[in-house]
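Asks: For reference, the file target-v8.txt (compact mmCIF, C-alpha atoms) is included below:
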# COMPACT_ATOMS: atom_id res chain seq x y z
CA MET X 1 -12.84 17.74 -3.32
CA MET X 2 -10.27 16.37 -5.73
CA ILE X 3 -9.83 15.36 -9.34
CA ILE X 4 -9.01 11.66 -9.56
CA SER X 5 -8.68 11.80 -13.35
CA MET X 6 -9.90 13.80 -16.33
CA SER X 7 -9.97 13.03 -20.04
CA VAL X 8 -10.71 14.88 -23.26
CA GLU X 9 -11.15 13.68 -26.83
CA ASN X 10 -11.75 15.55 -30.10
CA TRP X 11 -11.20 18.95 -28.52
CA MET X 12 -8.99 21.57 -30.18
CA SER X 13 -5.55 19.91 -30.53
CA PHE X 14 -6.61 16.74 -28.70
CA HIS X 15 -7.68 14.40 -31.50
CA ARG X 16 -7.40 11.14 -29.64
CA ARG X 17 -8.35 10.55 -26.02
CA ALA X 18 -5.93 12.18 -23.57
CA THR X 19 -6.13 11.38 -19.85
CA LEU X 20 -4.56 13.09 -16.86
CA SER X 21 -4.57 10.78 -13.84
CA MET X 22 -4.04 12.04 -10.30
CA VAL X 23 -3.84 8.53 -8.82
CA ALA X 24 -0.37 7.95 -7.39
CA SER X 25 1.94 5.32 -8.81
CA LYS X 26 3.90 2.90 -6.63
CA GLU X 27 6.91 5.16 -6.22
CA ARG X 28 7.71 6.21 -2.66
CA GLN X 29 9.23 9.65 -3.13
CA HIS X 30 7.39 12.43 -1.23
CA GLY X 31 4.82 9.83 -0.16
CA GLY X 32 3.90 11.60 3.07
CA ARG X 33 2.08 14.42 1.29
CA LEU X 34 -0.29 12.23 -0.74
CA ALA X 35 -3.97 12.16 0.20
CA TYR X 36 -4.97 8.68 1.31
CA LEU X 37 -8.51 7.51 0.55
CA LYS X 38 -8.99 4.61 2.96
CA LYS X 39 -12.37 3.68 1.52
CA TYR X 40 -10.80 3.13 -1.90
CA GLN X 41 -7.31 2.07 -0.76
CA THR X 42 -5.98 4.77 -3.08
CA ARG X 43 -3.43 7.57 -2.84
CA VAL X 44 -4.16 10.78 -4.74
CA LEU X 45 -1.59 13.34 -5.85
CA PRO X 46 -1.87 16.91 -4.51
CA VAL X 47 -0.31 18.48 -7.61
CA ALA X 48 0.09 17.98 -11.34
CA THR X 49 2.52 20.13 -13.29
CA ILE X 50 2.22 20.13 -17.08
CA TYR X 51 5.21 21.07 -19.21
CA GLY X 52 5.44 21.48 -22.97
CA GLY X 53 6.48 23.79 -25.76
CA ASN X 54 4.35 26.51 -27.29
CA SER X 55 1.27 25.10 -29.06
CA SER X 56 1.82 21.71 -27.42
CA GLY X 57 -1.70 21.59 -25.98
CA LYS X 58 -1.20 22.77 -22.38
CA THR X 59 -3.60 25.69 -22.64
CA ASN X 60 -6.06 23.60 -24.66
CA LEU X 61 -6.32 21.25 -21.69
CA PHE X 62 -7.05 24.27 -19.47
CA LYS X 63 -9.67 25.47 -21.96
CA ALA X 64 -11.27 22.01 -22.07
CA LEU X 65 -11.71 21.97 -18.30
CA ASN X 66 -12.98 25.54 -18.28
CA PHE X 67 -15.47 24.74 -21.08
CA ALA X 68 -16.85 21.78 -19.13
CA ARG X 69 -17.14 23.90 -15.98
CA MET X 70 -19.05 26.67 -17.74
CA LEU X 71 -21.32 24.20 -19.54
CA VAL X 72 -22.23 22.63 -16.20
CA ILE X 73 -22.80 25.77 -14.14
CA LYS X 74 -24.17 28.17 -16.77
CA GLY X 75 -25.56 25.88 -19.42
CA THR X 76 -26.80 27.14 -22.77
CA GLN X 77 -29.53 29.40 -24.08
CA PRO X 78 -32.58 27.98 -25.88
CA GLU X 79 -31.68 27.42 -29.53
CA GLY X 80 -28.08 28.37 -28.68
CA ILE X 81 -25.06 26.44 -29.87
CA ILE X 82 -22.78 24.48 -27.57
CA PRO X 83 -19.36 26.14 -27.95
CA VAL X 84 -17.35 22.99 -28.51
CA GLU X 85 -14.10 23.24 -30.50
CA PRO X 86 -13.46 19.89 -32.25
CA PHE X 87 -10.09 18.91 -33.73
CA ARG X 88 -9.83 20.89 -36.98
CA LEU X 89 -7.04 19.05 -38.81
CA ASP X 90 -9.20 16.01 -39.56
CA PRO X 91 -12.43 16.87 -41.44
CA ALA X 92 -14.18 13.82 -39.99
CA CYS X 93 -13.84 15.23 -36.47
CA ALA X 94 -16.21 18.12 -37.26
CA ARG X 95 -19.07 15.60 -37.42
CA GLN X 96 -18.05 13.71 -34.29
CA PRO X 97 -18.84 14.74 -30.70
CA SER X 98 -16.22 16.05 -28.31
CA ARG X 99 -15.97 13.84 -25.23
CA PHE X 100 -15.13 14.84 -21.65
CA GLY X 101 -14.78 12.65 -18.57
CA PHE X 102 -14.08 13.33 -14.89
CA GLU X 103 -13.56 11.20 -11.80
CA LEU X 104 -14.15 13.39 -8.76
CA LEU X 105 -13.83 12.84 -5.05
CA ILE X 106 -16.75 14.64 -3.37
CA GLN X 107 -16.92 14.30 0.41
CA ASP X 108 -15.82 10.65 0.68
CA THR X 109 -17.46 9.38 -2.52
CA ILE X 110 -16.03 9.14 -6.04
CA TYR X 111 -18.28 10.12 -8.95
CA GLU X 112 -17.58 9.58 -12.61
CA PHE X 113 -19.22 12.23 -14.78
CA SER X 114 -18.90 12.18 -18.57
CA PHE X 115 -20.60 13.68 -21.60
CA ALA X 116 -20.26 13.91 -25.36
CA ALA X 117 -21.35 17.08 -27.17
CA THR X 118 -21.65 18.47 -30.66
CA ARG X 119 -22.48 22.10 -31.39
CA THR X 120 -26.19 21.29 -31.42
CA ALA X 121 -26.77 18.53 -28.87
CA ILE X 122 -25.56 16.51 -25.92
CA GLU X 123 -25.17 13.10 -27.56
CA GLU X 124 -24.47 11.22 -24.33
CA GLU X 125 -24.26 11.95 -20.61
CA LYS X 126 -23.53 9.65 -17.71
CA LEU X 127 -23.13 9.90 -13.94
CA VAL X 128 -21.76 6.97 -11.96
CA GLN X 129 -21.33 6.69 -8.21
CA ILE X 130 -18.35 4.52 -7.27
CA SER X 131 -18.10 2.76 -3.92
CA GLY X 132 -15.15 0.79 -2.67
CA THR X 133 -16.33 -2.40 -4.37
CA SER X 134 -19.02 -1.51 -6.91
CA GLU X 135 -20.34 1.12 -9.32
CA LYS X 136 -23.88 2.50 -9.49
CA VAL X 137 -25.04 4.22 -12.67
CA LEU X 138 -27.20 7.06 -11.35
CA TYR X 139 -28.32 8.00 -14.86
CA HIS X 140 -27.28 7.39 -18.44
CA ARG X 141 -28.66 9.61 -21.18
CA LYS X 142 -28.19 8.49 -24.77
CA GLY X 143 -30.26 8.89 -27.91
CA GLY X 144 -32.60 11.29 -26.13
CA LYS X 145 -33.67 8.63 -23.63
CA PRO X 146 -32.91 8.41 -19.90
CA ASN X 147 -31.85 5.32 -18.01
CA PHE X 148 -32.10 5.99 -14.28
CA HIS X 149 -30.93 3.77 -11.47
CA HIS X 150 -33.81 1.61 -10.22
CA SER X 151 -33.93 3.59 -6.97
CA PHE X 152 -35.08 6.64 -9.02
CA ARG X 153 -37.57 4.96 -11.35
CA ASP X 154 -40.59 5.88 -9.24
CA ASP X 155 -39.49 9.50 -8.92
CA MET X 156 -41.95 11.16 -11.29
CA PHE X 157 -40.50 14.63 -10.75
CA LEU X 158 -37.11 13.36 -11.89
CA GLN X 159 -38.73 12.02 -15.06
CA PHE X 160 -40.43 15.38 -15.51
CA ALA X 161 -37.11 17.20 -15.12
CA PHE X 162 -35.56 15.03 -17.78
CA GLN X 163 -38.42 15.67 -20.21
CA GLY X 164 -37.78 19.39 -19.75
CA THR X 165 -34.08 19.09 -20.60
CA ARG X 166 -33.25 20.57 -23.99
CA ASP X 167 -31.10 18.69 -26.49
CA ASN X 168 -28.38 21.33 -26.14
CA GLN X 169 -28.37 21.18 -22.33
CA LEU X 170 -26.79 18.89 -19.76
CA PHE X 171 -29.31 17.02 -17.66
CA LEU X 172 -27.05 17.62 -14.65
CA THR X 173 -27.51 21.38 -15.10
CA ASN X 174 -31.24 21.27 -15.70
CA SER X 175 -31.91 18.89 -12.82
CA VAL X 176 -30.27 21.33 -10.38
CA ASN X 177 -32.20 24.23 -11.95
CA GLN X 178 -35.36 22.21 -11.32
CA LYS X 179 -34.34 21.78 -7.64
CA VAL X 180 -33.52 18.08 -7.97
CA GLU X 181 -31.09 17.37 -5.11
CA HIS X 182 -29.84 13.89 -6.11
CA PHE X 183 -26.98 15.09 -8.33
CA LYS X 184 -26.34 18.53 -6.85
CA PRO X 185 -23.00 17.58 -5.19
CA VAL X 186 -21.46 17.09 -8.64
CA TYR X 187 -22.85 20.40 -9.90
CA ASP X 188 -21.60 22.15 -6.75
CA TRP X 189 -18.11 20.71 -7.29
CA PHE X 190 -17.83 22.45 -10.66
CA LYS X 191 -19.34 25.65 -9.27
CA ASN X 192 -17.72 25.99 -5.84
CA THR X 193 -14.69 23.69 -5.64
CA LEU X 194 -13.06 24.14 -9.04
CA ASP X 195 -11.26 27.47 -9.58
CA MET X 196 -9.71 28.36 -12.95
CA VAL X 197 -6.96 31.01 -13.11
CA ALA X 198 -5.93 32.11 -16.62
CA PRO X 199 -2.65 33.95 -17.32
CA ASP X 200 -4.42 37.30 -17.65
CA SER X 201 -7.09 36.77 -15.00
CA ARG X 202 -7.00 38.24 -11.55
CA PHE X 203 -7.80 36.15 -8.49
CA GLU X 204 -10.91 37.72 -7.06
CA PRO X 205 -10.92 37.63 -3.24
CA PHE X 206 -8.28 40.33 -2.77
CA GLU X 207 -10.38 42.11 -0.17
CA GLN X 208 -8.53 40.17 2.56
CA PHE X 209 -5.67 42.58 1.92
CA LEU X 210 -7.95 45.50 2.83
CA GLN X 211 -9.08 44.22 6.22
CA GLU X 212 -6.54 44.33 9.02
CA ASP X 213 -8.86 42.24 11.22
CA HIS X 214 -9.05 39.46 8.61
CA PRO X 215 -7.39 36.28 10.00
CA LEU X 216 -5.29 35.88 6.84
CA TYR X 217 -4.17 39.51 6.67
CA PRO X 218 -0.87 39.10 8.59
CA VAL X 219 -0.07 35.81 6.86
CA MET X 220 -0.52 37.23 3.37
CA ASN X 221 1.60 40.26 4.11
CA ASP X 222 4.28 38.07 5.67
CA ILE X 223 4.45 35.98 2.49
CA LEU X 224 4.70 39.10 0.31
CA SER X 225 7.64 40.39 2.31
CA GLN X 226 9.40 37.01 2.25
CA LEU X 227 9.03 36.79 -1.53
CA ASP X 228 11.20 39.90 -1.93
CA THR X 229 8.51 42.08 -3.47
CA GLY X 230 9.69 45.13 -1.52
CA ILE X 231 6.19 45.48 -0.05
CA THR X 232 5.95 45.79 3.73
CA HIS X 233 2.19 45.35 3.66
CA LEU X 234 -0.94 46.00 1.63
CA GLY X 235 -3.92 48.01 2.70
CA GLY X 236 -7.05 49.82 1.62
CA GLU X 237 -7.55 53.48 0.83
CA ASP X 238 -11.02 55.04 0.93
CA VAL X 239 -12.06 56.51 -2.42
CA LEU X 240 -15.15 58.37 -3.56
CA LEU X 241 -17.37 56.25 -5.74
CA GLU X 242 -17.99 59.24 -7.99
CA ASN X 243 -14.26 59.56 -8.71
CA LEU X 244 -13.91 56.09 -10.18
CA GLY X 245 -15.21 57.13 -13.58
CA LEU X 246 -17.76 54.33 -13.77
CA PRO X 247 -20.50 54.59 -16.43
CA GLU X 248 -23.72 56.04 -15.06
CA PRO X 249 -25.85 52.96 -15.95
CA PHE X 250 -23.43 50.80 -13.98
CA MET X 251 -23.51 53.25 -11.07
CA MET X 252 -27.29 53.09 -11.03
CA LYS X 253 -27.16 49.31 -11.01
CA LEU X 254 -24.78 49.37 -8.04
CA ARG X 255 -27.04 51.74 -6.11
CA GLU X 256 -30.14 49.66 -6.79
CA GLU X 257 -28.90 46.09 -6.56
CA ILE X 258 -26.17 45.83 -3.91
CA PRO X 259 -27.82 44.59 -0.69
CA GLU X 260 -26.67 45.54 2.80
CA GLY X 261 -23.40 43.89 3.79
CA SER X 262 -22.59 42.53 0.33
CA THR X 263 -19.39 43.13 -1.64
CA VAL X 264 -18.62 43.87 -5.28
CA ARG X 265 -15.07 43.58 -6.63
CA LEU X 266 -13.89 45.65 -9.58
CA LEU X 267 -10.70 45.58 -11.62
CA LEU X 268 -10.48 48.91 -13.41
CA GLU X 269 -8.51 49.20 -16.61
CA PRO X 270 -6.19 50.46 -17.97
CA PHE X 271 -4.26 50.76 -14.69
CA GLY X 272 -5.50 47.60 -12.97
CA ASP X 273 -6.85 49.35 -9.87
CA ARG X 274 -8.57 46.86 -7.55
CA ILE X 275 -11.69 48.29 -5.96
CA VAL X 276 -14.02 46.79 -3.35
CA ILE X 277 -17.49 48.32 -2.97
CA THR X 278 -19.66 47.46 0.04
CA ARG X 279 -22.96 48.72 1.39
CA LYS X 280 -22.98 49.66 5.05
CA GLY X 281 -25.79 51.51 6.76
CA GLY X 282 -27.42 52.07 3.39
CA ASP X 283 -24.36 53.84 1.93
CA LEU X 284 -22.01 52.53 -0.74
CA LEU X 285 -18.37 52.62 0.38
CA ALA X 286 -15.39 52.07 -1.92
CA LYS X 287 -11.85 51.07 -1.03
CA LYS X 288 -8.84 50.80 -3.32
CA LEU X 289 -6.03 48.31 -2.80
CA VAL X 290 -2.66 50.05 -2.25
CA SER X 291 0.82 48.87 -1.25
CA TYR X 292 3.32 50.26 1.24
CA HIS X 293 7.11 50.29 0.94
CA GLN X 294 9.72 51.49 3.40
CA ASP X 295 12.07 54.32 2.52
CA ARG X 296 15.66 54.71 3.74
CA GLU X 297 14.52 56.32 6.97
CA GLY X 298 12.04 53.56 7.75
CA ARG X 299 8.95 55.57 6.83
CA GLU X 300 6.08 53.86 5.00
CA ILE X 301 5.48 55.19 1.49
CA LYS X 302 2.20 54.44 -0.25
CA PHE X 303 2.24 53.06 -3.81
CA GLU X 304 -0.60 52.57 -6.25
CA ILE X 305 -0.89 48.95 -7.36
CA ARG X 306 -0.29 50.05 -10.94
CA HIS X 307 3.18 51.21 -9.85
CA GLU X 308 4.11 47.65 -8.90
CA SER X 309 5.79 45.35 -11.42
CA ASP X 310 3.83 42.75 -13.39
CA GLY X 311 5.52 40.06 -11.29
CA THR X 312 4.49 41.64 -7.99
CA ARG X 313 0.91 42.04 -9.20
CA ARG X 314 0.91 38.40 -10.25
CA VAL X 315 2.11 37.41 -6.76
CA ILE X 316 -0.67 39.52 -5.20
CA ASP X 317 -3.17 37.66 -7.38
CA LEU X 318 -1.81 34.20 -6.55
CA VAL X 319 -1.11 34.46 -2.82
CA PRO X 320 -4.81 34.18 -1.80
CA ALA X 321 -5.12 31.04 -3.92
CA PHE X 322 -2.11 29.42 -2.27
CA LEU X 323 -3.32 30.39 1.19
CA GLU X 324 -6.63 28.72 0.39
CA LEU X 325 -4.79 25.61 -0.83
CA MET X 326 -2.68 25.50 2.35
CA SER X 327 -5.66 25.70 4.70
CA PRO X 328 -6.02 22.29 6.45
CA ALA X 329 -9.78 22.31 5.88
CA SER X 330 -9.61 23.36 2.23
CA THR X 331 -11.23 21.23 -0.47
CA LYS X 332 -10.44 23.62 -3.31
CA VAL X 333 -9.02 22.54 -6.67
CA PHE X 334 -7.10 25.29 -8.45
CA VAL X 335 -6.12 25.02 -12.11
CA ILE X 336 -3.62 27.73 -13.09
CA ASP X 337 -2.53 28.23 -16.68
CA GLU X 338 1.06 29.53 -16.99
CA ILE X 339 1.71 29.79 -13.28
CA ASP X 340 5.15 31.26 -14.01
CA ARG X 341 3.76 34.19 -15.99
CA SER X 342 5.77 37.30 -14.97
CA LEU X 343 7.28 35.41 -12.00
CA HIS X 344 10.92 34.62 -11.30
CA SER X 345 11.57 30.88 -11.01
CA LEU X 346 12.55 31.17 -7.35
CA LEU X 347 9.30 32.96 -6.47
CA THR X 348 7.23 30.29 -8.20
CA ARG X 349 9.19 27.56 -6.47
CA GLN X 350 8.77 29.22 -3.08
CA LEU X 351 4.98 29.29 -3.47
CA LEU X 352 4.94 25.65 -4.58
CA GLU X 353 7.21 24.52 -1.74
CA ARG X 354 4.96 26.21 0.81
CA TYR X 355 1.90 24.49 -0.58
CA LEU X 356 3.48 21.03 -0.85
CA ALA X 357 4.86 21.30 2.70
CA SER X 358 1.29 21.79 3.94
CA CYS X 359 0.00 18.62 2.25
CA SER X 360 -0.55 15.37 4.14
CA THR X 361 -2.55 12.16 3.92
CA GLU X 362 -5.54 14.08 5.34
CA THR X 363 -5.54 17.16 3.11
CA ARG X 364 -7.96 17.37 0.21
CA SER X 365 -6.90 20.45 -1.74
CA GLN X 366 -5.29 20.13 -5.14
CA LEU X 367 -3.30 22.20 -7.63
CA LEU X 368 -2.93 21.62 -11.37
CA PHE X 369 -0.89 24.03 -13.42
CA THR X 370 0.90 24.50 -16.73
CA THR X 371 4.35 26.02 -17.06
CA HIS X 372 7.23 26.72 -19.42
CA ASP X 373 9.69 26.92 -16.52
CA ALA X 374 12.05 23.96 -16.90
CA LEU X 375 13.76 24.88 -13.62
CA LEU X 376 10.66 23.52 -11.87
CA MET X 377 11.31 20.08 -13.38
CA ASP X 378 13.05 18.82 -10.27
CA GLN X 379 12.53 15.55 -8.42
CA LYS X 380 13.43 17.28 -5.16
CA LEU X 381 10.22 19.24 -5.66
CA PHE X 382 7.91 16.85 -7.56
CA ARG X 383 7.40 13.13 -7.91
CA ARG X 384 7.70 11.69 -11.40
CA ASP X 385 3.96 10.93 -11.51
CA GLU X 386 3.27 14.59 -10.65
CA MET X 387 5.12 15.79 -13.76
CA TRP X 388 3.37 15.60 -17.12
CA VAL X 389 4.40 16.59 -20.62
CA ALA X 390 2.12 17.79 -23.42
CA GLU X 391 3.47 17.06 -26.88
CA ARG X 392 2.13 17.77 -30.36
CA ASP X 393 2.92 15.39 -33.23
CA GLN X 394 3.36 16.22 -36.91
CA GLN X 395 -0.38 15.69 -37.53
CA GLY X 396 -1.19 18.41 -34.99
CA ASN X 397 -2.51 16.01 -32.35
CA SER X 398 -1.56 16.67 -28.72
CA SER X 399 -0.95 13.91 -26.22
CA LEU X 400 -0.22 13.81 -22.49
CA PHE X 401 2.15 11.50 -20.68
CA SER X 402 3.58 11.30 -17.19
CA LEU X 403 7.31 11.09 -16.55
CA SER X 404 6.57 8.00 -14.45
CA GLU X 405 5.95 6.20 -17.77
CA TYR X 406 9.69 6.25 -18.52
CA LYS X 407 11.48 3.23 -17.08
CA ASP X 408 14.98 4.76 -17.12
CA ILE X 409 14.24 7.82 -14.94
CA ARG X 410 15.71 7.12 -11.51
CA PHE X 411 14.64 9.12 -8.47
CA ASP X 412 18.06 10.82 -8.40
CA LYS X 413 18.25 11.59 -12.14
CA ASP X 414 18.57 15.16 -13.44
CA ILE X 415 15.50 14.95 -15.64
CA ARG X 416 15.67 18.64 -16.55
CA LYS X 417 18.76 18.00 -18.67
CA SER X 418 17.08 15.12 -20.52
CA TYR X 419 13.97 17.21 -21.07
CA LEU X 420 15.86 20.19 -22.52
CA GLN X 421 17.79 17.83 -24.80
CA GLY X 422 14.48 16.63 -26.21
CA ARG X 423 14.78 13.08 -24.87
CA LEU X 424 11.45 13.29 -23.05
CA GLY X 425 9.50 15.20 -25.73
CA GLY X 426 7.41 18.28 -25.09
CA ILE X 427 9.85 20.92 -26.34
CA PRO X 428 9.57 23.12 -29.46
CA ARG X 429 10.88 21.65 -32.70
CA ILE X 430 13.08 24.47 -34.01
CA ILE X 431 13.49 24.18 -37.77
CA SER X 432 16.67 25.74 -39.12
CA SER X 433 16.61 27.66 -42.40
CA ASP X 434 20.07 26.23 -43.15
CA PRO X 435 19.71 22.78 -44.79
CA ALA X 436 23.30 21.91 -43.92
CA ALA X 437 22.66 22.65 -40.26
CA CYS X 438 19.62 20.37 -40.37
CA ARG X 439 21.69 17.53 -41.87
CA ASP X 440 24.41 17.94 -39.28
CA LYS X 441 22.03 17.66 -36.33
CA ALA X 442 20.85 14.17 -35.55
CA PRO X 443 17.32 14.09 -34.15
CA LEU X 444 16.81 13.32 -30.49
CA HIS X 445 14.35 10.59 -29.64
CA ALA X 446 12.11 10.28 -26.62
CA GLY X 447 13.17 7.77 -23.99
CA GLU X 448 11.65 4.32 -23.86
CA LYS X 449 8.44 4.17 -21.85
CA ARG X 450 7.26 1.40 -19.63
Translate this file's structure into C-alpha cells.

Replies:
Amino acid sequence: MMIISMSVENWMSFHRRATLSMVASKERQHGGRLAYLKKYQTRVLPVATIYGGNSSGKTNLFKALNFARMLVIKGTQPEGIIPVEPFRLDPACARQPSRFGFELLIQDTIYEFSFAATRTAIEEEKLVQISGTSEKVLYHRKGGKPNFHHSFRDDMFLQFAFQGTRDNQLFLTNSVNQKVEHFKPVYDWFKNTLDMVAPDSRFEPFEQFLQEDHPLYPVMNDILSQLDTGITHLGGEDVLLENLGLPEPFMMKLREEIPEGSTVRLLLEPFGDRIVITRKGGDLLAKKLVSYHQDREGREIKFEIRHESDGTRRVIDLVPAFLELMSPASTKVFVIDEIDRSLHSLLTRQLLERYLASCSTETRSQLLFTTHDALLMDQKLFRRDEMWVAERDQQGNSSLFSLSEYKDIRFDKDIRKSYLQGRLGGIPRIISSDPAACRDKAPLHAGEKR
C-alpha cells in the first residue's frame, strides 16, 4: 500500500546512505490527512515533495526506485549484468555493492525488503516481516547461502527454488517465478502498486476518456474544464487500423495475439496520437483520443491532441493518476519526476490540493514527486516533514533532508524566501565569472538543524 521509508547507497550521485522517511513527525499541522496505522501506532504521510537544484540528485532518487522496481518484476537474463550505477567520483565505489532498502505497508503488515547488488551478483538480500512488537526474518541471503525462518525450513520446494536462483537474480523474483506464494505480496507491491511517471512518459490508462459510460468519464472532463485547459470534454474518434501507418510485422502481431475483449494502448510519434485498439466480435477496432473546444457560437469544435499545448497534454496524462490517488479504496503509490513539467504553478497546486483534500486517516494511497517549482514550498499546502531537499556537495555526493530537521522553521514561516536565499540548501550554486563579484557576495549558510 504505502512506502514507510526507502534508502539508497552507492547509487549514481548518492555516495553515502540517503533515506526518505514517510513516517510523520510530532508536528500537528494538517494532521487530519495522515494515514493512521493502529497496529503500529504510527502515522504515515500521504505525500513527499522533493526540491533541489539541477543535478542535485532528485532524478537519481527516481531512477534508483525505478531500477529496484524493474529488477524485482523483470529480473535479469542468464549471464546478463545487473544495471547498477555506482557512485563514479570515488574509485573505491566501483568495487562496492549498491544498496537499496524499503519499508512497505502491504495490507496491514509492514515488510522490510533490502538488497545489495554489484554488476555481476546479488551480494545480499533480506526480507523481514514486522509486527507491532517484533520482527521476523523471512529469509536472509548472503554469501550464496539462504537463512530461512524456522517455519520454512521443512519446505523442500522453497529450498529447491533457492538453489535455482542465479547469482545475478533476486531470490524474491525467482521464488515468484517458481510459484512460491510466501513472498508474493512484496513482489506484487512493486508490480501492481508502485507506478513511476517520468517527465517524458505518458500515463497509460487514457482509455477512460474514450468511454462515455466509464464512471470516471464525467469527473475527468470536469477537472479538465476547471483547470482552464479550454477543453469542454475529451472523446474517441473511430479510425481505420490500416491508416495508422503501423509496420506490417507489428500489424500481424496485433491480429494474431490480441484476445477477445483485450486492449492495447499506443502512443504514436511524432505527433503523440493516443490510440486504443480492442478486439470485439473477432474484429480489431481502433479509436483515437481527441479533444473538443467551444467556439464563440457555442458549437463544439474537434481538435487533435497534437494541437493541444504541452501543458494541456501533461494535464491529460496526470489527471487519471490523481483520480486514482483520490479514490477512497486506492492503494496506489505514484512517484512522479518533475511533476511541474510544462504545467503552470497554479495548475500543479490545484491537482495537489484536490488530492490532499481527499486524504484521511483511512486512506492508503501515496504520492512522491520531485519539482523545481519553489511556489509549491508552502506550509499552507504541505507539512514540514512532507517537504524534502536534495543537495549535492562539492565532492558530488547528494544527500536528502526534511525541512522538519530545521529547528527554526515555525509553522507560520515563509520558508520559500529562506529556500530561495540559499539558507536551506538545495539550490544551484551559480559561480560568477567576475572575481570581484564573487568577493562582494558573502556565502549563505544552511540553517541549523535539530

Asks: Using only C-alpha atoms, which protein or nucleic acid residues come within 8 Å of stretch 106-118 of chain X? Drop anything in the same chain fewer than 3 positions from it, and give the result as a PDB file with C-alpha atoms, in the frame of the given file.

Replies:
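Once everything was written out, this is part_31.pdb:
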ATOM      1  CA  MET X   1     -12.840  17.740  -3.320  1.00  0.00           C
ATOM      2  CA  MET X   2     -10.270  16.370  -5.730  1.00  0.00           C
ATOM      3  CA  LEU X  37      -8.510   7.510   0.550  1.00  0.00           C
ATOM      4  CA  LYS X  39     -12.370   3.680   1.520  1.00  0.00           C
ATOM      5  CA  ILE X  82     -22.780  24.480 -27.570  1.00  0.00           C
ATOM      6  CA  VAL X  84     -17.350  22.990 -28.510  1.00  0.00           C
ATOM      7  CA  ARG X  95     -19.070  15.600 -37.420  1.00  0.00           C
ATOM      8  CA  GLN X  96     -18.050  13.710 -34.290  1.00  0.00           C
ATOM      9  CA  PRO X  97     -18.840  14.740 -30.700  1.00  0.00           C
ATOM     10  CA  SER X  98     -16.220  16.050 -28.310  1.00  0.00           C
ATOM     11  CA  ARG X  99     -15.970  13.840 -25.230  1.00  0.00           C
ATOM     12  CA  PHE X 100     -15.130  14.840 -21.650  1.00  0.00           C
ATOM     13  CA  GLY X 101     -14.780  12.650 -18.570  1.00  0.00           C
ATOM     14  CA  PHE X 102     -14.080  13.330 -14.890  1.00  0.00           C
ATOM     15  CA  GLU X 103     -13.560  11.200 -11.800  1.00  0.00           C
ATOM     16  CA  ALA X 121     -26.770  18.530 -28.870  1.00  0.00           C
ATOM     17  CA  ILE X 122     -25.560  16.510 -25.920  1.00  0.00           C
ATOM     18  CA  GLU X 123     -25.170  13.100 -27.560  1.00  0.00           C
ATOM     19  CA  GLU X 124     -24.470  11.220 -24.330  1.00  0.00           C
ATOM     20  CA  GLU X 125     -24.260  11.950 -20.610  1.00  0.00           C
ATOM     21  CA  LYS X 126     -23.530   9.650 -17.710  1.00  0.00           C
ATOM     22  CA  LEU X 127     -23.130   9.900 -13.940  1.00  0.00           C
ATOM     23  CA  VAL X 128     -21.760   6.970 -11.960  1.00  0.00           C
ATOM     24  CA  GLN X 129     -21.330   6.690  -8.210  1.00  0.00           C
ATOM     25  CA  ILE X 130     -18.350   4.520  -7.270  1.00  0.00           C
ATOM     26  CA  SER X 131     -18.100   2.760  -3.920  1.00  0.00           C
ATOM     27  CA  PRO X 185     -23.000  17.580  -5.190  1.00  0.00           C
ATOM     28  CA  VAL X 186     -21.460  17.090  -8.640  1.00  0.00           C
ATOM     29  CA  TRP X 189     -18.110  20.710  -7.290  1.00  0.00           C
TER      30      TRP X 189
END

Asks: Find the residues near X:Val315: any atom within 8 Å, counting all atoms listed in the file, skip ones fewer than 3 places away on the same chain, and give them as a ChimeraX atom specification.

Replies: /X:224,311-312,318-319,343

Asks: Could you name the residues that touch stretch 365-367 of chain X at 12 Å or less, counting all atoms listed in the file, but leaving out those on the same chain fewer than 5 positions away, as a PyMOL selection string?

Replies: chain X and resi 1-4+22+33-35+44-50+104-107+193-197+321-337+339+351-352+355-356+358-360+386

Asks: Which distance in Å separates atom CA of X:Leu266 and atom CA of X:Gly80, to one decimal?

Replies: 29.4 Å

Asks: Might you pull out every residue within 8 Å of X:Leu400, with only C-alpha atoms counted and same-chain residues fewer than 4 positions away left off, and present them as a ChimeraX atom specification?

Replies: /X:18-20,388-391

Asks: When you draw a straight line from atom CA of X:His150 to atom CA of X:Arg166, how long is it in Å?

Replies: 23.4 Å

Asks: Choose the residue, out of X:Gln350, X:Lys136, X:Glu79, X:Leu89, that has the smallest atom-to-atom separation from X:Thr120; count all atoms listed in the file.

Replies: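 Smallest distance to X:Thr120 is found for X:Glu79.
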
Asks: Need to verify the contact set: stretch 273-280 of chain X, 10 Å, only C-alpha atoms, exclusion of same-chain residues closer than 2 positions in sequence. Can you return it as a short mmCIF file (atom, residue, chain, number, x, y, z; two decimals) with C-alpha atoms, in the frame of the given file?

Replies:
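Result written to result-v1.cif:
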data_model
loop_
_atom_site.label_atom_id
_atom_site.label_comp_id
_atom_site.auth_asym_id
_atom_site.auth_seq_id
_atom_site.Cartn_x
_atom_site.Cartn_y
_atom_site.Cartn_z
CA ARG X 202 -7.00 38.24 -11.55
CA GLU X 204 -10.91 37.72 -7.06
CA PRO X 205 -10.92 37.63 -3.24
CA PHE X 206 -8.28 40.33 -2.77
CA GLU X 207 -10.38 42.11 -0.17
CA LEU X 210 -7.95 45.50 2.83
CA GLY X 236 -7.05 49.82 1.62
CA GLU X 237 -7.55 53.48 0.83
CA ASP X 238 -11.02 55.04 0.93
CA VAL X 239 -12.06 56.51 -2.42
CA LEU X 241 -17.37 56.25 -5.74
CA LEU X 244 -13.91 56.09 -10.18
CA LEU X 254 -24.78 49.37 -8.04
CA ARG X 255 -27.04 51.74 -6.11
CA ILE X 258 -26.17 45.83 -3.91
CA PRO X 259 -27.82 44.59 -0.69
CA GLU X 260 -26.67 45.54 2.80
CA GLY X 261 -23.40 43.89 3.79
CA SER X 262 -22.59 42.53 0.33
CA THR X 263 -19.39 43.13 -1.64
CA VAL X 264 -18.62 43.87 -5.28
CA ARG X 265 -15.07 43.58 -6.63
CA LEU X 266 -13.89 45.65 -9.58
CA LEU X 267 -10.70 45.58 -11.62
CA LEU X 268 -10.48 48.91 -13.41
CA GLU X 269 -8.51 49.20 -16.61
CA PRO X 270 -6.19 50.46 -17.97
CA PHE X 271 -4.26 50.76 -14.69
CA GLY X 282 -27.42 52.07 3.39
CA ASP X 283 -24.36 53.84 1.93
CA LEU X 284 -22.01 52.53 -0.74
CA LEU X 285 -18.37 52.62 0.38
CA ALA X 286 -15.39 52.07 -1.92
CA LYS X 287 -11.85 51.07 -1.03
CA LYS X 288 -8.84 50.80 -3.32
CA LEU X 289 -6.03 48.31 -2.80
CA VAL X 290 -2.66 50.05 -2.25
CA GLU X 304 -0.60 52.57 -6.25
CA ILE X 305 -0.89 48.95 -7.36
CA ARG X 306 -0.29 50.05 -10.94
#
